[in-house]
file input_32.cif (mmCIF, C-alpha atoms)
data_structure
#
loop_
_atom_site.group_PDB
_atom_site.id
_atom_site.type_symbol
_atom_site.label_atom_id
_atom_site.label_comp_id
_atom_site.auth_asym_id
_atom_site.auth_seq_id
_atom_site.Cartn_x
_atom_site.Cartn_y
_atom_site.Cartn_z
ATOM 1 C CA MET A 612 0.000 0.000 0.000
ATOM 2 C CA ASN A 613 2.716 2.399 1.044
ATOM 3 C CA ASP A 614 4.758 1.558 -2.013
ATOM 4 C CA ILE A 615 1.855 2.384 -4.302
ATOM 5 C CA LEU A 616 1.377 5.758 -2.595
ATOM 6 C CA ASP A 617 5.101 6.463 -2.895
ATOM 7 C CA ILE A 618 5.087 5.690 -6.600
ATOM 8 C CA PHE A 619 1.980 7.828 -7.106
ATOM 9 C CA GLY A 620 3.624 10.729 -5.264
ATOM 10 C CA MET A 621 6.778 10.417 -7.334
ATOM 11 C CA ILE A 622 4.815 10.358 -10.587
ATOM 12 C CA LEU A 623 2.991 13.493 -9.473
ATOM 13 C CA LEU A 624 6.354 15.106 -8.648
ATOM 14 C CA LEU A 625 7.649 14.237 -12.119
ATOM 15 C CA ILE A 626 4.541 15.640 -13.819
ATOM 16 C CA GLY A 627 4.821 18.836 -11.783
ATOM 17 C CA GLY A 628 8.476 19.186 -12.712
ATOM 18 C CA ILE A 629 7.725 18.713 -16.407
ATOM 19 C CA PHE A 630 4.998 21.358 -16.381
ATOM 20 C CA LEU A 631 7.186 23.834 -14.488
ATOM 21 C CA PHE A 632 9.937 23.276 -17.053
ATOM 22 C CA LEU A 633 7.506 23.821 -19.934
ATOM 23 C CA GLY A 634 6.314 27.013 -18.249
ATOM 24 C CA GLY A 635 9.874 28.275 -18.109
ATOM 25 C CA LEU A 636 10.401 27.371 -21.751
ATOM 26 C CA GLY A 637 7.163 29.177 -22.613
ATOM 27 C CA ILE A 638 8.319 32.369 -20.893
ATOM 28 C CA PHE A 639 11.474 32.121 -22.978
ATOM 29 C CA ARG A 640 9.780 31.501 -26.333
ATOM 30 C CA MET A 641 6.635 33.651 -26.323
ATOM 31 C CA PRO A 642 6.739 36.977 -28.194
ATOM 32 C CA ASP A 643 5.163 39.412 -25.705
ATOM 33 C CA THR A 644 4.289 39.944 -22.042
ATOM 34 C CA TYR A 645 0.709 38.695 -22.287
ATOM 35 C CA ASN A 646 1.617 35.415 -23.942
ATOM 36 C CA ARG A 647 4.436 34.938 -21.450
ATOM 37 C CA LEU A 648 1.957 35.439 -18.639
ATOM 38 C CA GLN A 649 -0.301 32.826 -20.236
ATOM 39 C CA ALA A 650 2.457 30.246 -20.292
ATOM 40 C CA GLY A 651 3.750 31.243 -16.873
ATOM 41 C CA THR A 652 0.471 31.286 -14.978
ATOM 42 C CA LYS A 653 -0.984 28.001 -16.142
ATOM 43 C CA ALA A 654 2.173 25.971 -15.929
ATOM 44 C CA THR A 655 3.101 27.257 -12.481
ATOM 45 C CA THR A 656 -0.412 26.664 -11.182
ATOM 46 C CA LEU A 657 -0.689 23.005 -12.166
ATOM 47 C CA GLY A 658 3.058 22.364 -11.766
ATOM 48 C CA GLY A 659 3.209 23.949 -8.323
ATOM 49 C CA MET A 660 -0.001 22.265 -7.241
ATOM 50 C CA SER A 661 1.136 18.792 -8.201
ATOM 51 C CA VAL A 662 4.613 19.220 -6.699
ATOM 52 C CA ILE A 663 3.135 20.380 -3.393
ATOM 53 C CA LEU A 664 0.511 17.604 -3.435
ATOM 54 C CA SER A 665 3.202 15.027 -4.112
ATOM 55 C CA VAL A 666 5.075 16.242 -1.019
ATOM 56 C CA GLY A 667 1.847 15.711 0.913
ATOM 57 C CA ILE A 668 1.474 12.171 -0.438
ATOM 58 C CA LEU A 669 5.088 11.180 0.207
ATOM 59 C CA GLU A 670 4.885 12.621 3.738
ATOM 60 C CA PRO A 671 1.305 11.804 4.890
ATOM 61 C CA GLY A 672 1.588 13.906 8.046
ATOM 62 C CA TRP A 673 1.690 17.051 5.921
ATOM 63 C CA PHE A 674 -1.181 16.170 3.638
ATOM 64 C CA ILE A 675 -3.740 18.605 5.094
ATOM 65 C CA LYS A 676 -1.231 21.457 5.068
ATOM 66 C CA THR A 677 -0.403 20.823 1.431
ATOM 67 C CA LEU A 678 -4.117 20.792 0.570
ATOM 68 C CA VAL A 679 -4.495 24.265 2.111
ATOM 69 C CA LEU A 680 -1.449 25.448 0.178
ATOM 70 C CA VAL A 681 -2.899 24.108 -3.078
ATOM 71 C CA ILE A 682 -6.149 26.004 -2.462
ATOM 72 C CA PHE A 683 -4.220 29.208 -1.804
ATOM 73 C CA ILE A 684 -2.214 28.763 -4.994
ATOM 74 C CA ALA A 685 -5.404 28.211 -7.020
ATOM 75 C CA LEU A 686 -6.865 31.396 -5.524
ATOM 76 C CA SER A 687 -3.890 33.728 -5.679
ATOM 77 C CA ASN A 688 -2.102 32.755 -8.894
ATOM 78 C CA PRO A 689 -4.755 33.957 -11.391
ATOM 79 C CA ILE A 690 -5.291 37.171 -9.421
ATOM 80 C CA SER A 691 -1.618 38.101 -9.574
ATOM 81 C CA SER A 692 -1.364 37.329 -13.285
ATOM 82 C CA HIS A 693 -4.518 39.363 -13.964
ATOM 83 C CA ALA A 694 -3.016 42.278 -12.029
ATOM 84 C CA LEU A 695 0.226 42.015 -14.022
ATOM 85 C CA ALA A 696 -1.618 41.934 -17.364
ATOM 86 C CA HIS A 697 -3.841 44.861 -16.405
ATOM 87 C CA ALA A 698 -0.935 46.969 -15.149
ATOM 88 C CA ASN A 699 0.994 46.154 -18.306
ATOM 89 C CA TYR A 700 -1.824 47.432 -20.493
ATOM 90 C CA LYS A 701 -2.183 50.613 -18.449
ATOM 91 C CA ARG A 702 1.547 51.131 -18.745
ATOM 92 C CA GLY A 703 1.101 51.222 -22.548
ATOM 93 C CA ASN A 704 2.651 47.871 -23.392
ATOM 94 C CA LYS A 705 0.814 46.913 -26.587
ATOM 95 C CA PRO A 706 0.053 43.242 -27.190
ATOM 96 C CA PHE A 707 1.688 41.435 -30.092
ATOM 97 C CA LEU A 708 -1.048 40.971 -32.740
ATOM 98 C CA LYS A 709 -0.517 38.629 -35.632
ATOM 99 C CA GLY A 710 -3.878 39.325 -37.313
ATOM 100 C CA GLY A 711 -3.806 43.136 -37.285
ATOM 101 C CA PRO A 712 -5.173 45.890 -35.045
ATOM 102 C CA GLU A 713 -8.792 44.661 -35.106
ATOM 103 C CA TYR A 714 -7.703 41.776 -32.894
ATOM 104 C CA ASP A 715 -7.424 44.167 -29.952
ATOM 105 C CA GLN A 716 -10.987 44.904 -28.855
ATOM 106 C CA TYR A 717 -9.862 46.452 -25.597
ATOM 107 C CA ARG A 718 -7.982 49.406 -27.088
ATOM 108 C CA LYS A 719 -11.094 51.487 -27.901
ATOM 109 C CA THR A 720 -12.662 51.213 -24.440
ATOM 110 C CA PHE A 721 -9.298 51.684 -22.841
ATOM 111 C CA GLU A 722 -8.601 54.925 -24.687
ATOM 112 C CA GLN A 723 -12.113 56.211 -24.000
ATOM 113 C CA GLU A 724 -11.766 55.431 -20.320
ATOM 114 C CA GLY A 725 -8.353 57.077 -20.195
ATOM 115 C CA LYS A 726 -9.837 60.252 -21.723
ATOM 116 C CA GLU A 727 -12.666 60.261 -19.205
ATOM 117 C CA THR A 728 -10.359 59.936 -16.224
ATOM 118 C CA GLU A 729 -8.143 62.641 -17.697
ATOM 119 C CA GLU A 730 -11.137 64.949 -18.050
ATOM 120 C CA ASN A 731 -12.214 64.169 -14.520
ATOM 121 C CA THR A 732 -8.814 64.986 -13.104
ATOM 122 C CA ASN A 733 -8.706 68.169 -15.196
ATOM 123 C CA GLU A 734 -12.096 69.176 -13.822
ATOM 124 C CA LYS A 735 -10.955 68.447 -10.306
ATOM 125 C CA VAL A 736 -7.862 70.564 -10.821
ATOM 126 C CA LYS A 737 -10.045 73.395 -12.175
ATOM 127 C CA GLU A 738 -12.421 73.116 -9.223
ATOM 128 C CA GLU A 739 -9.537 73.236 -6.809
ATOM 129 C CA GLU A 740 -8.138 76.282 -8.582
ATOM 130 C CA THR A 741 -11.447 78.136 -8.443
ATOM 131 C CA ALA A 742 -11.966 77.127 -4.811
ATOM 132 C CA MET B 86 -22.564 47.983 0.477
ATOM 133 C CA GLU B 87 -25.473 48.529 2.817
ATOM 134 C CA LYS B 88 -24.966 49.443 6.455
ATOM 135 C CA LEU B 89 -24.940 46.568 8.904
ATOM 136 C CA SER B 90 -26.482 46.503 12.361
ATOM 137 C CA ALA B 91 -24.323 45.790 15.398
ATOM 138 C CA GLY B 92 -25.386 42.142 15.292
ATOM 139 C CA GLY B 93 -24.534 41.915 11.584
ATOM 140 C CA LYS B 94 -21.120 43.368 12.258
ATOM 141 C CA PHE B 95 -20.524 40.862 15.004
ATOM 142 C CA ALA B 96 -21.633 37.972 12.758
ATOM 143 C CA ARG B 97 -19.231 39.211 10.091
ATOM 144 C CA PHE B 98 -16.426 39.315 12.622
ATOM 145 C CA LEU B 99 -17.313 35.850 13.892
ATOM 146 C CA PHE B 100 -17.242 34.474 10.344
ATOM 147 C CA ALA B 101 -13.735 35.836 9.753
ATOM 148 C CA TRP B 102 -12.546 34.599 13.133
ATOM 149 C CA VAL B 103 -13.835 31.050 12.649
ATOM 150 C CA LEU B 104 -12.487 30.876 9.091
ATOM 151 C CA LEU B 105 -9.012 32.027 10.140
ATOM 152 C CA PHE B 106 -9.066 29.659 13.086
ATOM 153 C CA LEU B 107 -9.984 26.718 10.842
ATOM 154 C CA ILE B 108 -7.090 27.573 8.513
ATOM 155 C CA TRP B 109 -4.777 27.711 11.533
ATOM 156 C CA LEU B 110 -5.979 24.272 12.665
ATOM 157 C CA MET B 111 -5.348 22.827 9.211
ATOM 158 C CA PHE B 112 -1.847 24.269 9.097
ATOM 159 C CA THR B 113 -0.744 23.124 12.538
ATOM 160 C CA SER B 114 -2.791 19.890 12.252
ATOM 161 C CA THR B 115 -2.665 19.265 16.002
ATOM 162 C CA LEU B 116 -5.142 19.668 18.851
ATOM 163 C CA ALA B 117 -2.612 20.377 21.624
ATOM 164 C CA LEU B 118 -4.108 22.921 24.003
ATOM 165 C CA GLN B 119 -1.424 25.589 23.684
ATOM 166 C CA GLU B 120 -1.472 25.429 19.884
ATOM 167 C CA VAL B 121 -5.259 25.795 19.790
ATOM 168 C CA LEU B 122 -5.234 28.713 22.245
ATOM 169 C CA THR B 123 -2.482 30.519 20.356
ATOM 170 C CA GLY B 124 -4.413 29.954 17.133
ATOM 171 C CA ALA B 125 -7.604 31.376 18.593
ATOM 172 C CA GLY B 126 -5.704 34.427 19.837
ATOM 173 C CA VAL B 127 -3.888 35.045 16.554
ATOM 174 C CA ALA B 128 -7.076 34.536 14.518
ATOM 175 C CA PHE B 129 -8.861 37.013 16.818
ATOM 176 C CA LEU B 130 -6.158 39.648 16.328
ATOM 177 C CA ILE B 131 -6.130 39.229 12.541
ATOM 178 C CA ALA B 132 -9.918 39.155 12.259
ATOM 179 C CA LEU B 133 -10.290 42.475 14.126
ATOM 180 C CA PRO B 134 -8.928 44.772 11.396
ATOM 181 C CA THR B 135 -9.628 42.577 8.361
ATOM 182 C CA ASN B 136 -13.098 41.086 8.910
ATOM 183 C CA ARG B 137 -14.822 43.556 6.595
ATOM 184 C CA PHE B 138 -12.861 42.174 3.619
ATOM 185 C CA PHE B 139 -13.977 38.592 4.155
ATOM 186 C CA THR B 140 -17.695 38.596 3.504
ATOM 187 C CA GLU B 141 -20.640 40.895 3.027
ATOM 188 C CA VAL B 142 -23.444 38.447 3.667
ATOM 189 C CA GLN B 143 -22.068 35.950 6.261
ATOM 190 C CA LEU B 144 -23.775 32.583 5.927
ATOM 191 C CA TYR B 145 -27.153 34.155 5.284
ATOM 192 C CA HIS B 146 -27.410 32.863 1.709
ATOM 193 C CA PHE B 147 -25.956 29.453 2.405
ATOM 194 C CA LYS B 148 -27.971 26.580 0.925
ATOM 195 C CA PRO B 149 -26.915 22.913 0.608
ATOM 196 C CA LEU B 150 -27.871 22.799 -3.074
ATOM 197 C CA ARG B 151 -25.343 25.526 -3.784
ATOM 198 C CA LEU B 152 -22.635 23.404 -2.202
ATOM 199 C CA ILE B 153 -23.385 20.578 -4.657
ATOM 200 C CA PHE B 154 -23.072 22.943 -7.615
ATOM 201 C CA ALA B 155 -19.872 24.317 -6.094
ATOM 202 C CA ILE B 156 -18.396 20.812 -6.000
ATOM 203 C CA GLU B 157 -19.464 20.254 -9.621
ATOM 204 C CA TYR B 158 -17.762 23.539 -10.463
ATOM 205 C CA ILE B 159 -14.505 22.404 -8.861
ATOM 206 C CA PHE B 160 -14.430 19.279 -11.017
ATOM 207 C CA VAL B 161 -15.221 21.159 -14.246
ATOM 208 C CA PHE B 162 -12.535 23.647 -13.289
ATOM 209 C CA LEU B 163 -9.869 21.034 -12.522
ATOM 210 C CA TRP B 164 -10.484 19.326 -15.863
ATOM 211 C CA ALA B 165 -10.203 22.662 -17.673
ATOM 212 C CA LEU B 166 -6.961 23.385 -15.810
ATOM 213 C CA ILE B 167 -5.377 20.130 -16.971
ATOM 214 C CA VAL B 168 -6.522 20.707 -20.569
ATOM 215 C CA ALA B 169 -5.113 24.249 -20.333
ATOM 216 C CA ASN B 170 -1.713 22.974 -19.321
ATOM 217 C CA LEU B 171 -1.576 20.387 -22.089
ATOM 218 C CA ASP B 172 -2.606 23.118 -24.530
ATOM 219 C CA VAL B 173 0.150 25.462 -23.397
ATOM 220 C CA ALA B 174 2.650 22.614 -23.455
ATOM 221 C CA ARG B 175 1.686 21.783 -27.043
ATOM 222 C CA ARG B 176 2.128 25.385 -28.152
ATOM 223 C CA VAL B 177 5.445 25.806 -26.370
ATOM 224 C CA ILE B 178 6.990 22.615 -27.699
ATOM 225 C CA SER B 179 5.934 22.879 -31.337
ATOM 226 C CA PRO B 180 8.703 24.608 -33.319
ATOM 227 C CA LYS B 181 6.368 26.889 -35.282
ATOM 228 C CA LEU B 182 4.849 28.464 -32.144
ATOM 229 C CA PRO B 183 1.206 28.282 -33.357
ATOM 230 C CA ILE B 184 -0.279 31.399 -31.758
ATOM 231 C CA ASN B 185 -2.636 34.083 -33.010
ATOM 232 C CA PRO B 186 -3.032 36.369 -29.998
ATOM 233 C CA GLY B 187 -5.557 39.143 -29.480
ATOM 234 C CA ILE B 188 -7.869 40.697 -26.912
ATOM 235 C CA VAL B 189 -11.583 39.875 -27.220
ATOM 236 C CA SER B 190 -14.575 41.149 -25.244
ATOM 237 C CA PHE B 191 -17.907 39.662 -24.190
ATOM 238 C CA GLN B 192 -20.766 40.359 -21.803
ATOM 239 C CA THR B 193 -21.626 38.269 -18.771
ATOM 240 C CA LYS B 194 -24.990 37.609 -17.148
ATOM 241 C CA LEU B 195 -23.514 37.339 -13.657
ATOM 242 C CA THR B 196 -24.383 40.130 -11.252
ATOM 243 C CA SER B 197 -22.481 39.778 -7.965
ATOM 244 C CA ASP B 198 -18.874 40.911 -7.697
ATOM 245 C CA PHE B 199 -17.788 37.644 -6.137
ATOM 246 C CA ALA B 200 -19.230 35.566 -8.990
ATOM 247 C CA LYS B 201 -17.484 37.812 -11.527
ATOM 248 C CA MET B 202 -14.224 37.370 -9.652
ATOM 249 C CA VAL B 203 -14.580 33.568 -9.690
ATOM 250 C CA LEU B 204 -15.338 33.606 -13.414
ATOM 251 C CA ALA B 205 -12.350 35.858 -14.153
ATOM 252 C CA ASN B 206 -10.039 33.584 -12.184
ATOM 253 C CA SER B 207 -11.390 30.509 -13.950
ATOM 254 C CA ILE B 208 -10.899 32.161 -17.330
ATOM 255 C CA THR B 209 -7.297 32.935 -16.464
ATOM 256 C CA LEU B 210 -6.609 29.307 -15.618
ATOM 257 C CA THR B 211 -8.343 27.731 -18.628
ATOM 258 C CA PRO B 212 -6.930 27.035 -22.094
ATOM 259 C CA GLY B 213 -5.267 29.964 -23.790
ATOM 260 C CA THR B 214 -7.102 32.797 -22.049
ATOM 261 C CA LEU B 215 -6.122 35.507 -19.570
ATOM 262 C CA SER B 216 -8.515 38.125 -18.196
ATOM 263 C CA VAL B 217 -7.162 41.645 -18.652
ATOM 264 C CA ASP B 218 -10.032 43.829 -17.427
ATOM 265 C CA ILE B 219 -13.655 43.792 -16.270
ATOM 266 C CA ILE B 220 -15.723 46.943 -16.736
ATOM 267 C CA ASP B 221 -19.240 46.542 -15.320
ATOM 268 C CA ASP B 222 -20.393 43.352 -17.083
ATOM 269 C CA THR B 223 -17.917 43.323 -19.962
ATOM 270 C CA TYR B 224 -14.893 41.060 -19.821
ATOM 271 C CA TYR B 225 -11.730 41.790 -21.805
ATOM 272 C CA ILE B 226 -9.802 38.599 -22.374
ATOM 273 C CA HIS B 227 -6.378 38.061 -23.872
ATOM 274 C CA TRP B 228 -6.690 34.989 -26.086
ATOM 275 C CA ILE B 229 -3.583 33.188 -27.262
ATOM 276 C CA ASP B 230 -5.313 31.743 -30.320
ATOM 277 C CA VAL B 231 -8.239 33.933 -31.388
ATOM 278 C CA LYS B 232 -10.874 31.792 -33.098
ATOM 279 C CA SER B 233 -13.562 34.442 -33.473
ATOM 280 C CA LEU B 234 -13.922 38.198 -33.014
ATOM 281 C CA ASP B 235 -17.692 37.975 -32.531
ATOM 282 C CA PRO B 236 -18.534 38.471 -28.804
ATOM 283 C CA GLU B 237 -21.232 35.770 -28.772
ATOM 284 C CA GLN B 238 -18.982 33.193 -30.399
ATOM 285 C CA SER B 239 -15.955 33.947 -28.228
ATOM 286 C CA LYS B 240 -18.084 33.792 -25.106
ATOM 287 C CA LYS B 241 -19.292 30.355 -26.132
ATOM 288 C CA GLU B 242 -15.712 29.196 -26.558
ATOM 289 C CA ILE B 243 -14.296 30.741 -23.392
ATOM 290 C CA ALA B 244 -16.812 31.111 -20.612
ATOM 291 C CA GLU B 245 -20.048 29.239 -21.275
ATOM 292 C CA GLN B 246 -19.290 26.091 -19.276
ATOM 293 C CA PHE B 247 -18.378 28.049 -16.138
ATOM 294 C CA GLU B 248 -21.064 30.683 -16.366
ATOM 295 C CA LYS B 249 -23.791 28.039 -16.563
ATOM 296 C CA ILE B 250 -22.822 26.595 -13.190
ATOM 297 C CA LEU B 251 -22.013 29.940 -11.580
ATOM 298 C CA LEU B 252 -25.478 31.235 -12.475
ATOM 299 C CA LYS B 253 -26.890 28.331 -10.482
ATOM 300 C CA ILE B 254 -24.624 28.914 -7.476
ATOM 301 C CA PHE B 255 -25.068 32.674 -7.085
#
call {"tool": "encode", "arguments": {"input": "input_32.cif", "output": "structure tokens"}}
result
Amino acid sequence: MNDILDIFGMILLLIGGIFLFLGGLGIFRMPDTYNRLQAGTKATTLGGMSVILSVGILEPGWFIKTLVLVIFIALSNPISSHALAHANYKRGNKPFLKGGPEYDQYRKTFEQEGKETEENTNEKVKEEETA
Amino acid sequence: MEKLSAGGKFARFLFAWVLLFLIWLMFTSTLALQEVLTGAGVAFLIALPTNRFFTEVQLYHFKPLRLIFAIEYIFVFLWALIVANLDVARRVISPKLPINPGIVSFQTKLTSDFAKMVLANSITLTPGTLSVDIIDDTYYIHWIDVKSLDPEQSKKEIAEQFEKILLKIF
């Protein structure tokens, strides 16, 4: 029984390692920040999860702790990558588009929103000056 | 957010306290008296300033049926996560780098902020997609291999399977 669990844990460890490696390779090969984030986020989520779970299986006393860690990874990883992508766009880092500019449907709203916030801040500045 | 009565505030605090305490118990995984007491104290101290970030409705809306759908959601999500990883692996390994990236938009039917957050996180972890922004009910998604620029079609490809279950839960 124990042997089977050990083998299962080791297989999980191997799978996790492979996915983490592929994630690294993806960060190296992809053309722009957004695609790198895509490769990075997904690979580190499943890779990290299975490595941590395999530690829990090889060392049964830690299993509950590793489960909590896996849940935290599943919750926090996508949020951080979303924040990075969003900040990148606000910073003006344009995505790499193979098919042409119509493949970026966010640009229009983004520019409109930027104008609105600019107007708002201008109005605020004016109000402060008059007051 | 509507104003809570004193009792509502206390219930909110209690929720945060119990949740933090449960996490502490899982991490220490022991029931020794000093560990449990320390955990209760630490959870109390953390819950004091942070309890308003944990929940807005306590367990008021809790129904067993929702829990079943939540479990179904976890399984759908895990499957999508594995498919996502295989998909990324395939793209990374193949020498031609078969990508056609772009940012697409679509509307969601979900209303609560929490449900939108769950959907955005799920989208980020599923094949080839990464949520860039949510404005009101419009999602902006970076898609590594754009199959369609039509909002209806892209929604079907990206979010339909999750939204169906989330609409039942929330």
call {"tool": "residues_around", "arguments": {"input": "input_32.cif", "residues": "B:Phe112", "least_positions_apart": "3", "cutoff": "7 Å", "atoms": "all atoms listed in the file", "output": "PyMOL selection string"}}
result
(chain A and resi 676) or (chain B and resi 108-109)
call {"tool": "interface_residues", "arguments": {"input": "input_32.cif", "of": "chain A", "to": "chain B", "cutoff": "8 Å", "atoms": "all atoms listed in the file", "output": "mmCIF file with C-alpha atoms, keeping the file's coordinate frame"}}
result
data_model
loop_
_atom_site.group_PDB
_atom_site.id
_atom_site.type_symbol
_atom_site.label_atom_id
_atom_site.label_comp_id
_atom_site.auth_asym_id
_atom_site.auth_seq_id
_atom_site.Cartn_x
_atom_site.Cartn_y
_atom_site.Cartn_z
ATOM 1 C CA PHE A 630 4.998 21.358 -16.381
ATOM 2 C CA LEU A 633 7.506 23.821 -19.934
ATOM 3 C CA GLY A 634 6.314 27.013 -18.249
ATOM 4 C CA LEU A 636 10.401 27.371 -21.751
ATOM 5 C CA GLY A 637 7.163 29.177 -22.613
ATOM 6 C CA ARG A 640 9.780 31.501 -26.333
ATOM 7 C CA MET A 641 6.635 33.651 -26.323
ATOM 8 C CA TYR A 645 0.709 38.695 -22.287
ATOM 9 C CA ASN A 646 1.617 35.415 -23.942
ATOM 10 C CA GLN A 649 -0.301 32.826 -20.236
ATOM 11 C CA ALA A 650 2.457 30.246 -20.292
ATOM 12 C CA THR A 652 0.471 31.286 -14.978
ATOM 13 C CA LYS A 653 -0.984 28.001 -16.142
ATOM 14 C CA ALA A 654 2.173 25.971 -15.929
ATOM 15 C CA LEU A 657 -0.689 23.005 -12.166
ATOM 16 C CA ILE A 675 -3.740 18.605 5.094
ATOM 17 C CA LYS A 676 -1.231 21.457 5.068
ATOM 18 C CA VAL A 679 -4.495 24.265 2.111
ATOM 19 C CA LEU A 686 -6.865 31.396 -5.524
ATOM 20 C CA PRO A 689 -4.755 33.957 -11.391
ATOM 21 C CA ILE A 690 -5.291 37.171 -9.421
ATOM 22 C CA HIS A 693 -4.518 39.363 -13.964
ATOM 23 C CA ALA A 694 -3.016 42.278 -12.029
ATOM 24 C CA ALA A 696 -1.618 41.934 -17.364
ATOM 25 C CA HIS A 697 -3.841 44.861 -16.405
ATOM 26 C CA PRO A 706 0.053 43.242 -27.190
ATOM 27 C CA PHE A 707 1.688 41.435 -30.092
ATOM 28 C CA LEU A 708 -1.048 40.971 -32.740
ATOM 29 C CA LYS A 709 -0.517 38.629 -35.632
ATOM 30 C CA GLY A 710 -3.878 39.325 -37.313
ATOM 31 C CA TYR A 714 -7.703 41.776 -32.894
ATOM 32 C CA ASP A 715 -7.424 44.167 -29.952
ATOM 33 C CA GLN A 716 -10.987 44.904 -28.855
ATOM 34 C CA TYR A 717 -9.862 46.452 -25.597
#
call {"tool": "closest_residue", "arguments": {"input": "input_32.cif", "among": "A:Asp643, A:Ser687, A:Ser661, A:Leu678", "to": "A:Tyr700", "atoms": "all atoms listed in the file"}}
result
A:Asp643
call {"tool": "closest_residue", "arguments": {"input": "input_32.cif", "among": "A:Thr677, A:Phe683, A:Ile629, A:Lys701", "to": "A:Phe721", "atoms": "only C-alpha atoms"}}
result
A:Lys701
call {"tool": "atom_distance", "arguments": {"input": "input_32.cif", "atom1": "atom CA of A:Thr655", "atom2": "atom CA of A:Leu695"}}
result
15.1 Å
call {"tool": "residues_near_point", "arguments": {"input": "input_32.cif", "point": "(-25.1, 36.7, -20.5)", "cutoff": "12 Å", "atoms": "all atoms listed in the file", "output": "list in words"}}
result
Phe191, Gln192, Thr193, Lys194, Leu195, Thr196, Lys201, Asp222, Thr223, Tyr224, Pro236, Glu237, Lys240, Lys241, Ala244, Glu245, Phe247, Glu248, Lys249, Leu251 and Leu252 of chain B
call {"tool": "atom_distance", "arguments": {"input": "input_32.cif", "atom1": "atom CA of A:Arg647", "atom2": "atom CA of A:Lys719"}}
result
23.6 Å
call {"tool": "atom_distance", "arguments": {"input": "input_32.cif", "atom1": "atom CA of B:Gly124", "atom2": "atom CA of B:Arg97"}}
result
18.8 Å
call {"tool": "resolve_selection", "arguments": {"input": "input_32.cif", "expression": "the PyMOL selection byres ((chain A and resi 664) around 8)", "output": "MDAnalysis selection string"}}
result
chainID A and resid 620 623 660:663 665:668 674 677:678 681
call {"tool": "write_last_selection", "arguments": {"input": "input_32.cif", "atoms": "C-alpha atoms", "output": "PDB file, in the coordinates of the input"}}
result
ATOM      1  CA  GLY A 620       3.624  10.729  -5.264  1.00  0.00           C
ATOM      2  CA  LEU A 623       2.991  13.493  -9.473  1.00  0.00           C
ATOM      3  CA  MET A 660      -0.001  22.265  -7.241  1.00  0.00           C
ATOM      4  CA  SER A 661       1.136  18.792  -8.201  1.00  0.00           C
ATOM      5  CA  VAL A 662       4.613  19.220  -6.699  1.00  0.00           C
ATOM      6  CA  ILE A 663       3.135  20.380  -3.393  1.00  0.00           C
ATOM      7  CA  SER A 665       3.202  15.027  -4.112  1.00  0.00           C
ATOM      8  CA  VAL A 666       5.075  16.242  -1.019  1.00  0.00           C
ATOM      9  CA  GLY A 667       1.847  15.711   0.913  1.00  0.00           C
ATOM     10  CA  ILE A 668       1.474  12.171  -0.438  1.00  0.00           C
ATOM     11  CA  PHE A 674      -1.181  16.170   3.638  1.00  0.00           C
ATOM     12  CA  THR A 677      -0.403  20.823   1.431  1.00  0.00           C
ATOM     13  CA  LEU A 678      -4.117  20.792   0.570  1.00  0.00           C
ATOM     14  CA  VAL A 681      -2.899  24.108  -3.078  1.00  0.00           C
TER      15      VAL A 681
END
call {"tool": "resolve_selection", "arguments": {"input": "input_32.cif", "expression": "the PyMOL selection byres ((chain B and resi 136) around 12)", "output": "list in words"}}
result
Gly93, Lys94, Phe95, Ala96, Arg97, Phe98, Leu99, Phe100, Ala101, Trp102, Val103, Leu104, Leu105, Ala128, Phe129, Leu130, Ile131, Ala132, Leu133, Pro134, Thr135, Arg137, Phe138, Phe139, Thr140, Glu141, Val142 and Gln143 of chain B
call {"tool": "write_last_selection", "arguments": {"input": "input_32.cif", "atoms": "C-alpha atoms", "output": "PDB file, in the coordinates of the input"}}
result
ATOM      1  CA  GLY B  93     -24.534  41.915  11.584  1.00  0.00           C
ATOM      2  CA  LYS B  94     -21.120  43.368  12.258  1.00  0.00           C
ATOM      3  CA  PHE B  95     -20.524  40.862  15.004  1.00  0.00           C
ATOM      4  CA  ALA B  96     -21.633  37.972  12.758  1.00  0.00           C
ATOM      5  CA  ARG B  97     -19.231  39.211  10.091  1.00  0.00           C
ATOM      6  CA  PHE B  98     -16.426  39.315  12.622  1.00  0.00           C
ATOM      7  CA  LEU B  99     -17.313  35.850  13.892  1.00  0.00           C
ATOM      8  CA  PHE B 100     -17.242  34.474  10.344  1.00  0.00           C
ATOM      9  CA  ALA B 101     -13.735  35.836   9.753  1.00  0.00           C
ATOM     10  CA  TRP B 102     -12.546  34.599  13.133  1.00  0.00           C
ATOM     11  CA  VAL B 103     -13.835  31.050  12.649  1.00  0.00           C
ATOM     12  CA  LEU B 104     -12.487  30.876   9.091  1.00  0.00           C
ATOM     13  CA  LEU B 105      -9.012  32.027  10.140  1.00  0.00           C
ATOM     14  CA  ALA B 128      -7.076  34.536  14.518  1.00  0.00           C
ATOM     15  CA  PHE B 129      -8.861  37.013  16.818  1.00  0.00           C
ATOM     16  CA  LEU B 130      -6.158  39.648  16.328  1.00  0.00           C
ATOM     17  CA  ILE B 131      -6.130  39.229  12.541  1.00  0.00           C
ATOM     18  CA  ALA B 132      -9.918  39.155  12.259  1.00  0.00           C
ATOM     19  CA  LEU B 133     -10.290  42.475  14.126  1.00  0.00           C
ATOM     20  CA  PRO B 134      -8.928  44.772  11.396  1.00  0.00           C
ATOM     21  CA  THR B 135      -9.628  42.577   8.361  1.00  0.00           C
ATOM     22  CA  ARG B 137     -14.822  43.556   6.595  1.00  0.00           C
ATOM     23  CA  PHE B 138     -12.861  42.174   3.619  1.00  0.00           C
ATOM     24  CA  PHE B 139     -13.977  38.592   4.155  1.00  0.00           C
ATOM     25  CA  THR B 140     -17.695  38.596   3.504  1.00  0.00           C
ATOM     26  CA  GLU B 141     -20.640  40.895   3.027  1.00  0.00           C
ATOM     27  CA  VAL B 142     -23.444  38.447   3.667  1.00  0.00           C
ATOM     28  CA  GLN B 143     -22.068  35.950   6.261  1.00  0.00           C
TER      29      GLN B 143
END
